[in-house]
$ cat run-v4.txt   # compact mmCIF, C-alpha atoms and all ligand atoms
# COMPACT_ATOMS: atom_id res chain seq x y z
CA MET V 1248 5.60 -13.86 -25.23
CA HIS V 1249 9.05 -12.98 -23.97
CA ASN V 1250 11.16 -13.59 -20.90
CA ALA V 1251 11.85 -11.16 -18.08
CA LYS V 1252 14.17 -11.34 -15.09
CA ALA V 1253 12.40 -11.42 -11.74
CA TYR V 1254 12.63 -12.51 -8.09
CA SER V 1255 10.23 -15.17 -6.86
CA ALA V 1256 9.48 -17.33 -3.84
CA ALA V 1257 9.09 -21.07 -4.40
CA SER V 1258 7.14 -21.74 -1.19
CA ALA V 1259 5.95 -20.06 2.00
CA ARG V 1260 9.24 -20.93 3.64
CA SER V 1261 11.60 -20.13 0.76
CA PRO V 1262 13.58 -16.95 0.35
CA LEU V 1263 13.05 -14.88 -2.79
CA THR V 1264 15.56 -15.82 -5.47
CA SER V 1265 16.43 -14.83 -9.01
CA THR V 1266 14.31 -16.37 -11.77
CA THR V 1267 12.93 -15.81 -15.27
CA ILE V 1268 9.23 -15.31 -15.99
CA ALA V 1269 7.12 -14.96 -19.13
CA ARG V 1270 5.49 -11.65 -20.04
CA ARG V 1271 3.02 -11.25 -22.89
CA ASP V 1272 3.97 -9.07 -25.85
CA ALA V 1273 2.25 -5.68 -25.86
CA THR V 1274 -0.68 -5.59 -28.29
CA GLY V 1275 -3.87 -3.50 -28.54
CA HIS V 1276 -4.19 -1.33 -25.44
CA ASP V 1277 -1.13 -2.81 -23.70
CA VAL V 1278 1.87 -0.85 -22.56
CA GLU V 1279 5.16 -2.54 -21.73
CA MET V 1280 7.20 -0.84 -19.05
CA GLU V 1281 10.76 -1.15 -17.88
CA ILE V 1282 10.38 -1.15 -14.09
CA LEU V 1283 12.67 1.40 -12.42
CA PHE V 1284 11.56 1.09 -8.77
CA CYS V 1285 9.24 -1.24 -6.87
CA GLY V 1286 8.25 -0.62 -3.26
CA ILE V 1287 8.12 -3.44 -0.69
CA CYS V 1288 4.65 -3.55 0.87
CA HIS V 1289 3.99 -5.60 4.00
CA SER V 1290 1.31 -7.32 1.89
CA ASP V 1291 4.13 -8.74 -0.25
CA LEU V 1292 5.51 -10.39 2.87
CA HIS V 1293 2.07 -11.65 4.01
CA GLN V 1294 1.49 -13.18 0.57
CA VAL V 1295 4.96 -14.64 0.03
CA ARG V 1296 4.64 -16.40 3.40
CA ASP V 1297 1.03 -17.44 2.68
CA GLU V 1298 -0.24 -15.66 5.78
CA TRP V 1299 -3.52 -14.78 4.04
CA ASN V 1300 -4.12 -18.42 3.19
CA GLU V 1301 -7.77 -18.36 4.30
CA VAL V 1302 -8.69 -15.40 2.08
CA MET V 1303 -6.32 -15.63 -0.86
CA PRO V 1304 -3.96 -18.59 -0.77
CA THR V 1305 -0.62 -17.98 -2.44
CA VAL V 1306 0.19 -19.81 -5.65
CA TYR V 1307 3.90 -20.58 -6.10
CA PRO V 1308 6.19 -19.50 -7.57
CA CYS V 1309 5.11 -16.05 -6.36
CA VAL V 1310 6.55 -12.83 -7.81
CA PRO V 1311 5.28 -10.07 -5.51
CA GLY V 1312 5.37 -6.29 -5.95
CA HIS V 1313 2.53 -3.82 -6.57
CA GLU V 1314 4.19 -0.46 -6.07
CA ILE V 1315 5.60 -0.07 -9.55
CA VAL V 1316 7.03 2.90 -11.39
CA GLY V 1317 8.86 2.75 -14.69
CA ARG V 1318 9.21 3.93 -18.23
CA VAL V 1319 7.13 2.85 -21.21
CA THR V 1320 9.24 0.83 -23.66
CA ARG V 1321 6.55 -0.46 -26.07
CA THR V 1322 2.94 0.34 -26.84
CA GLY V 1323 0.22 -1.67 -28.57
CA SER V 1324 -1.31 -0.11 -31.68
CA ALA V 1325 -4.46 1.08 -29.86
CA VAL V 1326 -2.70 2.83 -26.96
CA SER V 1327 -3.63 6.50 -26.65
CA LYS V 1328 -2.62 7.51 -23.10
CA PHE V 1329 1.12 6.78 -23.26
CA GLN V 1330 4.06 7.08 -25.61
CA VAL V 1331 7.36 5.23 -25.54
CA GLY V 1332 9.60 7.04 -23.06
CA ASP V 1333 6.79 8.24 -20.78
CA LEU V 1334 6.86 7.56 -17.06
CA ALA V 1335 4.07 5.25 -15.94
CA ALA V 1336 3.02 3.48 -12.76
CA VAL V 1337 1.10 0.36 -11.80
CA GLY V 1338 -0.47 -0.41 -8.43
CA CYS V 1339 -2.35 -3.39 -7.03
CA MET V 1340 -4.67 -4.02 -9.99
CA VAL V 1341 -3.93 -4.82 -13.64
CA ASP V 1342 -7.45 -5.47 -14.93
CA SER V 1343 -11.17 -5.77 -14.10
CA ASP V 1344 -14.35 -6.48 -16.10
CA ARG V 1345 -14.88 -2.70 -16.61
CA THR V 1346 -18.63 -3.20 -17.04
CA CYS V 1347 -20.06 -3.82 -13.56
CA PRO V 1348 -21.49 -0.95 -11.46
CA GLU V 1349 -18.30 -0.80 -9.35
CA CYS V 1350 -16.10 -0.41 -12.42
CA GLN V 1351 -18.44 2.16 -13.89
CA ALA V 1352 -18.16 4.11 -10.67
CA GLY V 1353 -14.36 4.00 -10.91
CA LEU V 1354 -14.19 1.66 -7.91
CA GLU V 1355 -12.42 -1.23 -9.63
CA GLN V 1356 -11.05 -2.41 -6.28
CA PHE V 1357 -14.55 -3.75 -5.52
CA CYS V 1358 -15.08 -5.43 -8.90
CA GLN V 1359 -15.92 -9.15 -8.56
CA ASN V 1360 -13.69 -9.78 -11.57
CA VAL V 1361 -10.71 -7.68 -10.64
CA THR V 1362 -7.24 -9.00 -11.52
CA LEU V 1363 -4.67 -8.12 -8.89
CA THR V 1364 -1.10 -7.45 -9.97
CA TYR V 1365 0.22 -10.71 -8.55
CA ASN V 1366 -1.09 -14.06 -7.36
CA PHE V 1367 -4.32 -13.73 -9.38
CA PRO V 1368 -5.43 -15.77 -12.43
CA ASP V 1369 -3.68 -14.34 -15.51
CA LYS V 1370 -6.26 -14.02 -18.30
CA HIS V 1371 -3.60 -13.77 -20.99
CA LEU V 1372 -0.95 -16.37 -20.19
CA GLY V 1373 -2.77 -18.70 -17.79
CA GLY V 1374 -1.28 -19.40 -14.37
CA VAL V 1375 -1.13 -16.41 -12.05
CA THR V 1376 -0.08 -12.80 -12.50
CA TYR V 1377 3.46 -11.81 -11.60
CA GLY V 1378 4.23 -8.53 -9.86
CA GLY V 1379 6.82 -5.82 -9.86
CA TYR V 1380 9.93 -7.56 -8.49
CA SER V 1381 10.81 -7.83 -12.14
CA GLU V 1382 12.58 -5.90 -14.88
CA SER V 1383 9.38 -5.28 -16.84
CA ILE V 1384 5.61 -5.60 -16.86
CA VAL V 1385 2.90 -5.48 -19.53
CA VAL V 1386 -0.40 -3.90 -18.55
CA ASP V 1387 -3.51 -2.49 -20.20
CA GLU V 1388 -3.21 1.29 -20.34
CA ALA V 1389 -6.50 1.60 -18.42
CA PHE V 1390 -4.62 0.30 -15.36
CA ALA V 1391 -1.45 2.34 -15.88
CA LEU V 1392 -1.19 5.68 -14.12
CA SER V 1393 0.51 8.90 -15.20
CA VAL V 1394 3.34 10.07 -12.96
CA PRO V 1395 3.84 13.77 -12.10
CA PRO V 1396 7.22 14.81 -13.55
CA ASN V 1397 8.47 16.68 -10.47
CA LEU V 1398 8.74 13.78 -8.01
CA ASN V 1399 11.61 11.48 -6.97
CA LEU V 1400 10.81 8.13 -8.59
CA ALA V 1401 12.08 5.88 -5.79
CA GLY V 1402 9.65 7.69 -3.49
CA VAL V 1403 6.81 7.60 -6.03
CA ALA V 1404 6.68 3.79 -6.21
CA PRO V 1405 5.15 3.35 -2.71
CA LEU V 1406 2.37 5.80 -3.56
CA LEU V 1407 0.86 3.07 -5.74
CA CYS V 1408 -0.20 1.06 -2.70
CA ALA V 1409 0.75 2.75 0.58
CA GLY V 1410 -0.28 6.09 -0.89
CA ILE V 1411 -3.67 5.24 -2.32
CA THR V 1412 -4.59 2.92 0.56
CA THR V 1413 -4.28 5.78 3.04
CA TYR V 1414 -5.51 8.59 0.77
CA SER V 1415 -8.74 6.84 -0.26
CA PRO V 1416 -10.31 6.28 3.20
CA MET V 1417 -9.35 9.78 4.28
CA ARG V 1418 -11.20 11.22 1.32
CA HIS V 1419 -14.14 8.89 1.92
CA TRP V 1420 -14.40 9.85 5.61
CA CYS V 1421 -13.93 13.55 4.82
CA VAL V 1422 -10.65 14.28 6.56
CA THR V 1423 -10.31 18.04 6.36
CA LYS V 1424 -9.17 21.04 8.34
CA GLY V 1425 -10.57 21.02 11.86
CA LYS V 1426 -10.77 17.21 12.12
CA LYS V 1427 -8.75 15.28 14.70
CA VAL V 1428 -7.18 12.28 12.99
CA GLY V 1429 -5.19 9.40 14.47
CA ILE V 1430 -2.73 7.24 12.56
CA VAL V 1431 -1.85 3.93 14.20
CA GLY V 1432 1.48 2.32 13.20
CA LEU V 1433 4.20 4.42 11.58
CA GLY V 1434 5.22 2.05 8.82
CA GLY V 1435 4.91 2.33 5.04
CA LEU V 1436 1.18 2.98 5.09
CA GLY V 1437 1.17 4.93 8.34
CA HIS V 1438 3.79 7.44 7.31
CA MET V 1439 1.86 8.18 4.10
CA GLY V 1440 -1.29 8.57 6.20
CA VAL V 1441 0.47 11.21 8.30
CA LYS V 1442 1.58 13.11 5.20
CA PHE V 1443 -1.89 13.08 3.65
CA ALA V 1444 -3.78 13.94 6.86
CA HIS V 1445 -1.40 16.85 7.41
CA ALA V 1446 -1.73 18.04 3.80
CA LEU V 1447 -5.53 17.85 4.11
CA GLY V 1448 -5.32 20.19 7.10
CA ALA V 1449 -6.26 17.83 9.94
CA HIS V 1450 -4.83 17.79 13.47
CA VAL V 1451 -2.75 14.62 13.29
CA VAL V 1452 -1.87 12.31 16.18
CA VAL V 1453 0.48 9.37 15.56
CA PHE V 1454 0.29 6.23 17.69
CA THR V 1455 3.45 4.21 17.62
CA THR V 1456 4.98 1.33 19.54
CA SER V 1457 8.44 2.64 18.61
CA PRO V 1458 9.56 5.57 20.82
CA ASN V 1459 12.51 6.15 18.46
CA LYS V 1460 10.08 7.23 15.70
CA LYS V 1461 8.76 10.22 17.69
CA ASP V 1462 10.92 12.90 16.07
CA ASP V 1463 10.27 11.51 12.60
CA ALA V 1464 6.52 11.51 13.19
CA VAL V 1465 6.64 15.25 13.86
CA ARG V 1466 8.86 15.84 10.84
CA LEU V 1467 6.37 13.90 8.68
CA GLY V 1468 3.51 16.15 9.81
CA ALA V 1469 2.20 14.91 13.18
CA ASP V 1470 0.97 17.49 15.65
CA GLU V 1471 1.22 15.02 18.53
CA VAL V 1472 2.84 11.62 19.04
CA VAL V 1473 1.65 8.98 21.50
CA VAL V 1474 3.67 5.93 22.45
CA SER V 1475 0.77 3.51 22.53
CA ARG V 1476 2.22 1.26 25.22
CA ASN V 1477 1.88 4.20 27.68
CA ALA V 1478 -1.67 3.94 29.09
CA ASP V 1479 -1.59 7.44 30.61
CA GLU V 1480 -0.77 9.02 27.27
CA MET V 1481 -3.60 7.06 25.64
CA GLN V 1482 -6.10 8.16 28.34
CA LYS V 1483 -5.57 11.81 27.53
CA HIS V 1484 -7.19 11.31 24.12
CA LEU V 1485 -10.35 9.42 25.22
CA GLY V 1486 -13.45 10.26 23.16
CA SER V 1487 -11.74 12.90 21.04
CA PHE V 1488 -11.04 11.61 17.51
CA ASP V 1489 -13.17 12.09 14.41
CA PHE V 1490 -11.26 9.47 12.48
CA ILE V 1491 -8.54 6.91 13.16
CA LEU V 1492 -6.68 4.99 10.48
CA ASP V 1493 -5.21 1.72 11.74
CA ALA V 1494 -2.26 0.59 9.60
CA VAL V 1495 -0.83 -2.11 11.86
CA SER V 1496 0.36 -5.34 10.24
CA ALA V 1497 0.22 -7.60 13.32
CA ASP V 1498 -2.15 -8.57 16.11
CA HIS V 1499 -2.94 -5.69 18.48
CA ASP V 1500 -5.73 -4.35 20.70
CA ILE V 1501 -8.05 -2.18 18.61
CA ASN V 1502 -10.44 -1.58 21.51
CA SER V 1503 -8.03 0.85 23.07
CA TYR V 1504 -8.31 2.94 19.87
CA ILE V 1505 -12.09 2.62 19.47
CA GLN V 1506 -12.41 4.25 22.91
CA LEU V 1507 -10.52 7.26 21.63
CA LEU V 1508 -13.22 8.04 19.04
CA ARG V 1509 -15.76 10.75 19.73
CA ARG V 1510 -19.50 10.25 19.12
CA ASP V 1511 -20.04 8.94 15.58
CA GLY V 1512 -16.31 8.69 15.06
CA ASN V 1513 -14.90 6.07 12.73
CA LEU V 1514 -11.93 3.74 12.92
CA THR V 1515 -10.91 2.34 9.55
CA LEU V 1516 -8.66 -0.68 9.31
CA VAL V 1517 -6.25 -0.71 6.43
CA GLY V 1518 -3.81 -3.05 8.16
CA ALA V 1519 -4.52 -6.70 7.39
CA PRO V 1520 -3.07 -8.89 10.16
CA GLU V 1521 -2.99 -12.63 9.68
CA LYS V 1522 -5.35 -13.40 12.60
CA PRO V 1523 -8.83 -11.91 13.36
CA LEU V 1524 -8.93 -8.97 15.78
CA ALA V 1525 -11.20 -9.03 18.85
CA VAL V 1526 -13.75 -6.20 19.13
CA ALA V 1527 -15.56 -5.29 22.36
CA ALA V 1528 -19.17 -4.40 21.48
CA PHE V 1529 -19.45 -1.75 24.19
CA GLY V 1530 -16.69 0.35 22.68
CA LEU V 1531 -18.84 0.73 19.57
CA LEU V 1532 -22.21 1.06 21.36
CA PHE V 1533 -21.13 3.87 23.62
CA GLY V 1534 -20.75 6.72 21.22
CA ARG V 1535 -22.37 5.07 18.21
CA ARG V 1536 -18.89 4.60 16.84
CA SER V 1537 -18.16 2.67 13.71
CA LEU V 1538 -15.44 0.32 12.61
CA SER V 1539 -14.72 -0.18 8.94
CA GLY V 1540 -12.11 -1.32 6.48
CA SER V 1541 -10.80 -0.03 3.18
CA PRO V 1542 -8.86 -1.73 0.39
CA ILE V 1543 -6.50 0.28 -1.87
CA GLY V 1544 -8.49 2.65 -4.15
CA GLY V 1545 -9.91 2.86 -7.66
CA ILE V 1546 -7.98 3.93 -10.74
CA PRO V 1547 -9.46 7.46 -11.00
CA GLU V 1548 -8.77 8.12 -7.32
CA THR V 1549 -5.24 6.70 -7.66
CA GLN V 1550 -4.58 9.22 -10.42
CA GLU V 1551 -6.12 11.95 -8.25
CA MET V 1552 -3.78 10.93 -5.40
CA LEU V 1553 -0.70 11.02 -7.68
CA ASP V 1554 -1.70 14.45 -8.96
CA PHE V 1555 -2.25 15.61 -5.36
CA CYS V 1556 1.26 14.36 -4.54
CA GLY V 1557 2.66 16.22 -7.55
CA LYS V 1558 0.97 19.42 -6.42
CA HIS V 1559 2.03 19.12 -2.79
CA GLY V 1560 5.48 17.61 -3.41
CA ILE V 1561 4.59 14.43 -1.52
CA THR V 1562 6.50 11.15 -1.90
CA ALA V 1563 7.27 8.27 0.44
CA ASP V 1564 10.38 8.38 2.61
CA VAL V 1565 12.35 5.48 1.19
CA GLU V 1566 15.43 3.39 1.81
CA VAL V 1567 16.54 2.34 -1.66
CA ILE V 1568 17.92 -1.21 -1.80
CA PRO V 1569 19.17 -3.55 -4.51
CA ILE V 1570 16.94 -6.58 -5.14
CA GLN V 1571 19.66 -8.81 -3.67
CA LYS V 1572 18.78 -7.37 -0.20
CA VAL V 1573 15.09 -8.20 -0.44
CA ASN V 1574 15.12 -11.11 2.03
CA GLU V 1575 16.99 -9.06 4.61
CA ALA V 1576 14.49 -6.24 4.01
CA TYR V 1577 11.60 -8.60 4.84
CA GLU V 1578 13.20 -9.47 8.18
CA ARG V 1579 13.68 -5.79 8.96
CA LEU V 1580 10.06 -5.06 7.99
CA LEU V 1581 8.97 -7.57 10.61
CA ARG V 1582 10.98 -5.66 13.21
CA ALA V 1583 9.38 -2.31 12.10
CA ASP V 1584 12.93 -1.31 11.15
CA VAL V 1585 12.49 0.76 8.00
CA LYS V 1586 12.15 4.48 7.52
CA TYR V 1587 9.60 4.22 6.07
CA ARG V 1588 9.44 2.12 2.91
CA PHE V 1589 11.96 -0.05 1.09
CA SER V 1590 12.09 0.84 -2.59
CA ILE V 1591 13.94 -1.64 -4.80
CA ASP V 1592 16.19 -0.14 -7.46
CA MET V 1593 15.39 -2.50 -10.30
CA ALA V 1594 18.61 -1.68 -12.15
CA SER V 1595 20.14 -4.12 -9.63
CA LEU V 1596 18.32 -6.98 -11.35
CA LYS V 1597 20.54 -6.55 -14.42
CA ALA V 1598 23.39 -8.09 -12.41
CA GLU V 1599 21.51 -11.42 -12.07
N1 LIG F 1601 -6.04 -2.22 3.00
C1 LIG F 1601 -5.22 -2.37 2.00
O1 LIG F 1601 -5.60 -2.26 0.82
C2 LIG F 1601 -3.78 -2.60 2.27
C3 LIG F 1601 -2.83 -2.14 1.37
C4 LIG F 1601 -1.48 -2.29 1.70
C5 LIG F 1601 -1.11 -2.89 2.88
N2 LIG F 1601 -2.08 -3.36 3.73
C6 LIG F 1601 -1.73 -3.96 5.01
O2 LIG F 1601 -1.46 -2.91 5.92
C7 LIG F 1601 -0.54 -3.39 6.93
C8 LIG F 1601 0.61 -2.41 7.04
O3 LIG F 1601 1.39 -2.47 5.86
P1 LIG F 1601 2.77 -1.66 5.76
O4 LIG F 1601 3.35 -2.05 4.45
O5 LIG F 1601 2.56 -0.27 6.13
O6 LIG F 1601 3.59 -2.41 6.92
P2 LIG F 1601 4.84 -1.90 7.76
O7 LIG F 1601 5.64 -0.92 6.97
O8 LIG F 1601 5.50 -3.14 8.26
O9 LIG F 1601 4.19 -1.08 8.97
C9 LIG F 1601 3.44 -1.69 9.97
C10 LIG F 1601 3.60 -0.88 11.28
O10 LIG F 1601 2.74 -1.44 12.24
C11 LIG F 1601 3.31 -1.29 13.54
N3 LIG F 1601 3.39 -2.61 14.17
C12 LIG F 1601 4.03 -3.70 13.70
N4 LIG F 1601 3.87 -4.74 14.53
C13 LIG F 1601 3.08 -4.29 15.54
C14 LIG F 1601 2.52 -4.88 16.70
N5 LIG F 1601 2.76 -6.18 17.01
N6 LIG F 1601 1.75 -4.12 17.52
C15 LIG F 1601 1.50 -2.83 17.21
N7 LIG F 1601 2.02 -2.20 16.15
C16 LIG F 1601 2.78 -2.94 15.31
C17 LIG F 1601 4.70 -0.70 13.35
O11 LIG F 1601 4.60 0.72 13.56
P3 LIG F 1601 5.20 1.40 14.89
O12 LIG F 1601 6.66 1.05 14.89
O13 LIG F 1601 4.94 2.86 14.66
O14 LIG F 1601 4.43 0.86 16.04
C18 LIG F 1601 4.98 -0.98 11.88
O15 LIG F 1601 5.88 -0.04 11.35
C19 LIG F 1601 -0.14 -4.78 6.48
O16 LIG F 1601 -0.92 -5.72 7.18
C20 LIG F 1601 -0.48 -4.79 5.00
O17 LIG F 1601 -0.72 -6.06 4.49
C21 LIG F 1601 -3.39 -3.22 3.45
ZN ZN F 1602 0.48 -3.07 -0.82
ZN ZN F 1603 -16.20 -4.62 -12.59

$ encode --input "run-v4.txt" --output "structure tokens"
Amino acid sequence: MHNAKAYSAASARSPLTSTTIARRDATGHDVEMEILFCGICHSDLHQVRDEWNEVMPTVYPCVPGHEIVGRVTRTGSAVSKFQVGDLAAVGCMVDSDRTCPECQAGLEQFCQNVTLTYNFPDKHLGGVTYGGYSESIVVDEAFALSVPPNLNLAGVAPLLCAGITTYSPMRHWCVTKGKKVGIVGLGGLGHMGVKFAHALGAHVVVFTTSPNKKDDAVRLGADEVVVSRNADEMQKHLGSFDFILDAVSADHDINSYIQLLRRDGNLTLVGAPEKPLAVAAFGLLFGRRSLSGSPIGGIPETQEMLDFCGKHGITADVEVIPIQKVNEAYERLLRADVKYRFSIDMASLKAE
């Protein structure tokens, strides 16, 4: 065991502050990584503030962060995938049982015994797992991803959650050329959704509550942009979408989007607001539409997504910040004031 610098929250109402945590020493299949960048996901904020209390209550102190990219600094004797000096990345999961049908299908995100990167029972050290707002992490190589060499690392970090969470449902629901796809909420997830839907050849329509994001949406790959508070603009798209990805972090009316689906169209929620959303049955009945949800993605698909990004030159649009600005970044995230993901430069932690 050794110590690592980190930022943690002591309670749902505390700011994140500098601390020291324990990390296990790398043995067997473990790789130890120096973390270079960690993205700030809205899920970090939900968890730090215990907004998902009913589903997964937060254990304090909480060290969030599951959009991790870094460099391998140590390897256990059995490691075969990585060498010291390699780039590596870690997303929302650090382990699973690896034997159940879900794991065997490469869908570890559905494993009953999955270990999430933070706020989950730590099988090695006891207590809970600690995430990427830290100078280092130790993870089994089976849950470490290879990073394409041609991409900007600050913009790679968010691919590990925002990237896979939007890529996976689009692959599942067969987003391809000729499909009309809506992306609701142009935040960290949403802007990755736009990039992927565009790269997959779809006709992409962005729905935003922020008129000042219109030009960016087009630059990111949208064919059309709708300011969702404008009912007339919404009406024009009634019954026309094959697929809509809803990446909104707060309470909102999903019925107005369900109506925009064509027959047999699907709306997938990836956003995870604190409170339940109301659904009008008739919106689904008329048109045999479906509503579904999707959590992150499995390890093989996460690697596929990273390789796709390498091939297409896709990264997140990031605002790089030092860790000392993390609390301010959370407040800005709540105001939808980030273009389009904060990525923490972990070198800043050395100053603590
Ligand atoms: N399913 C999963 O596995 C998974 C993975 C990661 C994150 N999530 C969840 O996905 C959600 C989005 O995460 P994120 O990191 O992308 O958050 P984010 O960067 O804060 O983006 C959320 C966007 O939602 C829109 N929005 C915010 N408040 C709104 C409101 N009251 N009404 C309508 N639109 C609103 C804003 O877009 P506009 O300005 O364009 O309107 C905002 O930029 C969070 O709930 C997060 O926990 C789920
Ligand atoms: Zn996330
Ligand atoms: Zn399993």

$ residues_around --input "run-v4.txt" --residues "Gly1437 (chain V)" --least-positions-apart "4" --cutoff "10 Å" --atoms "all atoms listed in the file" --output "list in words"
Ala1409, Gly1410, Thr1412, Thr1413, Gly1429, Ile1430, Val1431, Gly1432, Leu1433, Val1441, Lys1442, Phe1443, Val1453, Phe1454, Thr1455, Ala1464, Leu1492, Asp1493, Ala1494, Val1495, Val1517, Gly1518 and Tyr1587 of chain V

$ write_last_selection --input "run-v4.txt" --atoms "C-alpha atoms" --output "short mmCIF file (atom, residue, chain, number, x, y, z; two decimals), keeping the file's coordinate frame"
data_model
loop_
_atom_site.label_atom_id
_atom_site.label_comp_id
_atom_site.auth_asym_id
_atom_site.auth_seq_id
_atom_site.Cartn_x
_atom_site.Cartn_y
_atom_site.Cartn_z
CA ALA V 1409 0.75 2.75 0.58
CA GLY V 1410 -0.28 6.09 -0.89
CA THR V 1412 -4.59 2.92 0.56
CA THR V 1413 -4.28 5.78 3.04
CA GLY V 1429 -5.19 9.40 14.47
CA ILE V 1430 -2.73 7.24 12.56
CA VAL V 1431 -1.85 3.93 14.20
CA GLY V 1432 1.48 2.32 13.20
CA LEU V 1433 4.20 4.42 11.58
CA VAL V 1441 0.47 11.21 8.30
CA LYS V 1442 1.58 13.11 5.20
CA PHE V 1443 -1.89 13.08 3.65
CA VAL V 1453 0.48 9.37 15.56
CA PHE V 1454 0.29 6.23 17.69
CA THR V 1455 3.45 4.21 17.62
CA ALA V 1464 6.52 11.51 13.19
CA LEU V 1492 -6.68 4.99 10.48
CA ASP V 1493 -5.21 1.72 11.74
CA ALA V 1494 -2.26 0.59 9.60
CA VAL V 1495 -0.83 -2.11 11.86
CA VAL V 1517 -6.25 -0.71 6.43
CA GLY V 1518 -3.81 -3.05 8.16
CA TYR V 1587 9.60 4.22 6.07
#

$ closest_residue --input "run-v4.txt" --among "V:Cys1358, V:Ile1268, V:Ile1543, V:Met1481" --to "Thr1376 (chain V)" --atoms "all atoms listed in the file"
V:Ile1268

$ closest_residue --input "run-v4.txt" --among "V:Leu1292, V:Leu1354, V:Ala1269, V:Met1248" --to "ligand ZN 1603 (chain F)" --atoms "all atoms listed in the file"
V:Leu1354

$ closest_atom_pairs --input "run-v4.txt" --of "region 1325-1425 of chain V" --to "region 1306-1315 of chain V" --cutoff "6 Å" --atoms "only C-alpha atoms" --output "JSON lines"
{"residue": "V:Ala1336", "atom": "CA", "partner": "V:Ile1315", "partner_atom": "CA", "distance": 5.4}
{"residue": "V:Val1337", "atom": "CA", "partner": "V:Ile1315", "partner_atom": "CA", "distance": 5.0}
{"residue": "V:Gly1338", "atom": "CA", "partner": "V:His1313", "partner_atom": "CA", "distance": 4.9}
{"residue": "V:Cys1339", "atom": "CA", "partner": "V:His1313", "partner_atom": "CA", "distance": 4.9}
{"residue": "V:Tyr1365", "atom": "CA", "partner": "V:Pro1311", "partner_atom": "CA", "distance": 5.9}
{"residue": "V:Tyr1377", "atom": "CA", "partner": "V:Val1310", "partner_atom": "CA", "distance": 5.0}
{"residue": "V:Gly1378", "atom": "CA", "partner": "V:Gly1312", "partner_atom": "CA", "distance": 4.6}
{"residue": "V:Gly1379", "atom": "CA", "partner": "V:Gly1312", "partner_atom": "CA", "distance": 4.2}
{"residue": "V:Tyr1380", "atom": "CA", "partner": "V:Gly1312", "partner_atom": "CA", "distance": 5.4}
{"residue": "V:Ala1404", "atom": "CA", "partner": "V:Glu1314", "partner_atom": "CA", "distance": 4.9}
{"residue": "V:Pro1405", "atom": "CA", "partner": "V:Glu1314", "partner_atom": "CA", "distance": 5.2}
{"residue": "V:Leu1407", "atom": "CA", "partner": "V:Glu1314", "partner_atom": "CA", "distance": 4.9}
{"residue": "V:Cys1408", "atom": "CA", "partner": "V:Glu1314", "partner_atom": "CA", "distance": 5.7}

$ write_last_selection --input "run-v4.txt" --atoms "C-alpha atoms" --output "PDB file, in the coordinates of the input"
ATOM      1  CA  ALA V1336       3.020   3.480 -12.760  1.00  0.00           C
ATOM      2  CA  VAL V1337       1.100   0.360 -11.800  1.00  0.00           C
ATOM      3  CA  GLY V1338      -0.470  -0.410  -8.430  1.00  0.00           C
ATOM      4  CA  CYS V1339      -2.350  -3.390  -7.030  1.00  0.00           C
ATOM      5  CA  TYR V1365       0.220 -10.710  -8.550  1.00  0.00           C
ATOM      6  CA  TYR V1377       3.460 -11.810 -11.600  1.00  0.00           C
ATOM      7  CA  GLY V1378       4.230  -8.530  -9.860  1.00  0.00           C
ATOM      8  CA  GLY V1379       6.820  -5.820  -9.860  1.00  0.00           C
ATOM      9  CA  TYR V1380       9.930  -7.560  -8.490  1.00  0.00           C
ATOM     10  CA  ALA V1404       6.680   3.790  -6.210  1.00  0.00           C
ATOM     11  CA  PRO V1405       5.150   3.350  -2.710  1.00  0.00           C
ATOM     12  CA  LEU V1407       0.860   3.070  -5.740  1.00  0.00           C
ATOM     13  CA  CYS V1408      -0.200   1.060  -2.700  1.00  0.00           C
TER      14      CYS V1408
END

$ residues_near_point --input "run-v4.txt" --point "(10.2, 8.2, -10.1)" --cutoff "10 Å" --atoms "only C-alpha atoms" --output "compact mmCIF listing (two decimals) with C-alpha atoms, keeping the file's coordinate frame"
# COMPACT_ATOMS: atom_id res chain seq x y z
CA LEU V 1283 12.67 1.40 -12.42
CA PHE V 1284 11.56 1.09 -8.77
CA ILE V 1315 5.60 -0.07 -9.55
CA VAL V 1316 7.03 2.90 -11.39
CA GLY V 1317 8.86 2.75 -14.69
CA ARG V 1318 9.21 3.93 -18.23
CA LEU V 1334 6.86 7.56 -17.06
CA ALA V 1335 4.07 5.25 -15.94
CA ALA V 1336 3.02 3.48 -12.76
CA VAL V 1394 3.34 10.07 -12.96
CA PRO V 1395 3.84 13.77 -12.10
CA PRO V 1396 7.22 14.81 -13.55
CA ASN V 1397 8.47 16.68 -10.47
CA LEU V 1398 8.74 13.78 -8.01
CA ASN V 1399 11.61 11.48 -6.97
CA LEU V 1400 10.81 8.13 -8.59
CA ALA V 1401 12.08 5.88 -5.79
CA GLY V 1402 9.65 7.69 -3.49
CA VAL V 1403 6.81 7.60 -6.03
CA ALA V 1404 6.68 3.79 -6.21
CA THR V 1562 6.50 11.15 -1.90

$ residues_around --input "run-v4.txt" --residues "region 1520-1525 of chain V" --least-positions-apart "3" --cutoff "10 Å" --atoms "all atoms listed in the file" --output "count of residues only"
21

$ atom_distance --input "run-v4.txt" --atom1 "CA of Ala1352 (chain V)" --atom2 "CA of Gly1540 (chain V)"
19.0 Å

$ atom_distance --input "run-v4.txt" --atom1 "CA of Ala1478 (chain V)" --atom2 "CA of Ser1503 (chain V)"
9.3 Å

$ closest_residue --input "run-v4.txt" --among "V:Lys1370, V:His1445, V:Arg1345, V:Arg1535" --to "ligand ZN 1603 (chain F)" --atoms "only C-alpha atoms and all ligand atoms"
V:Arg1345
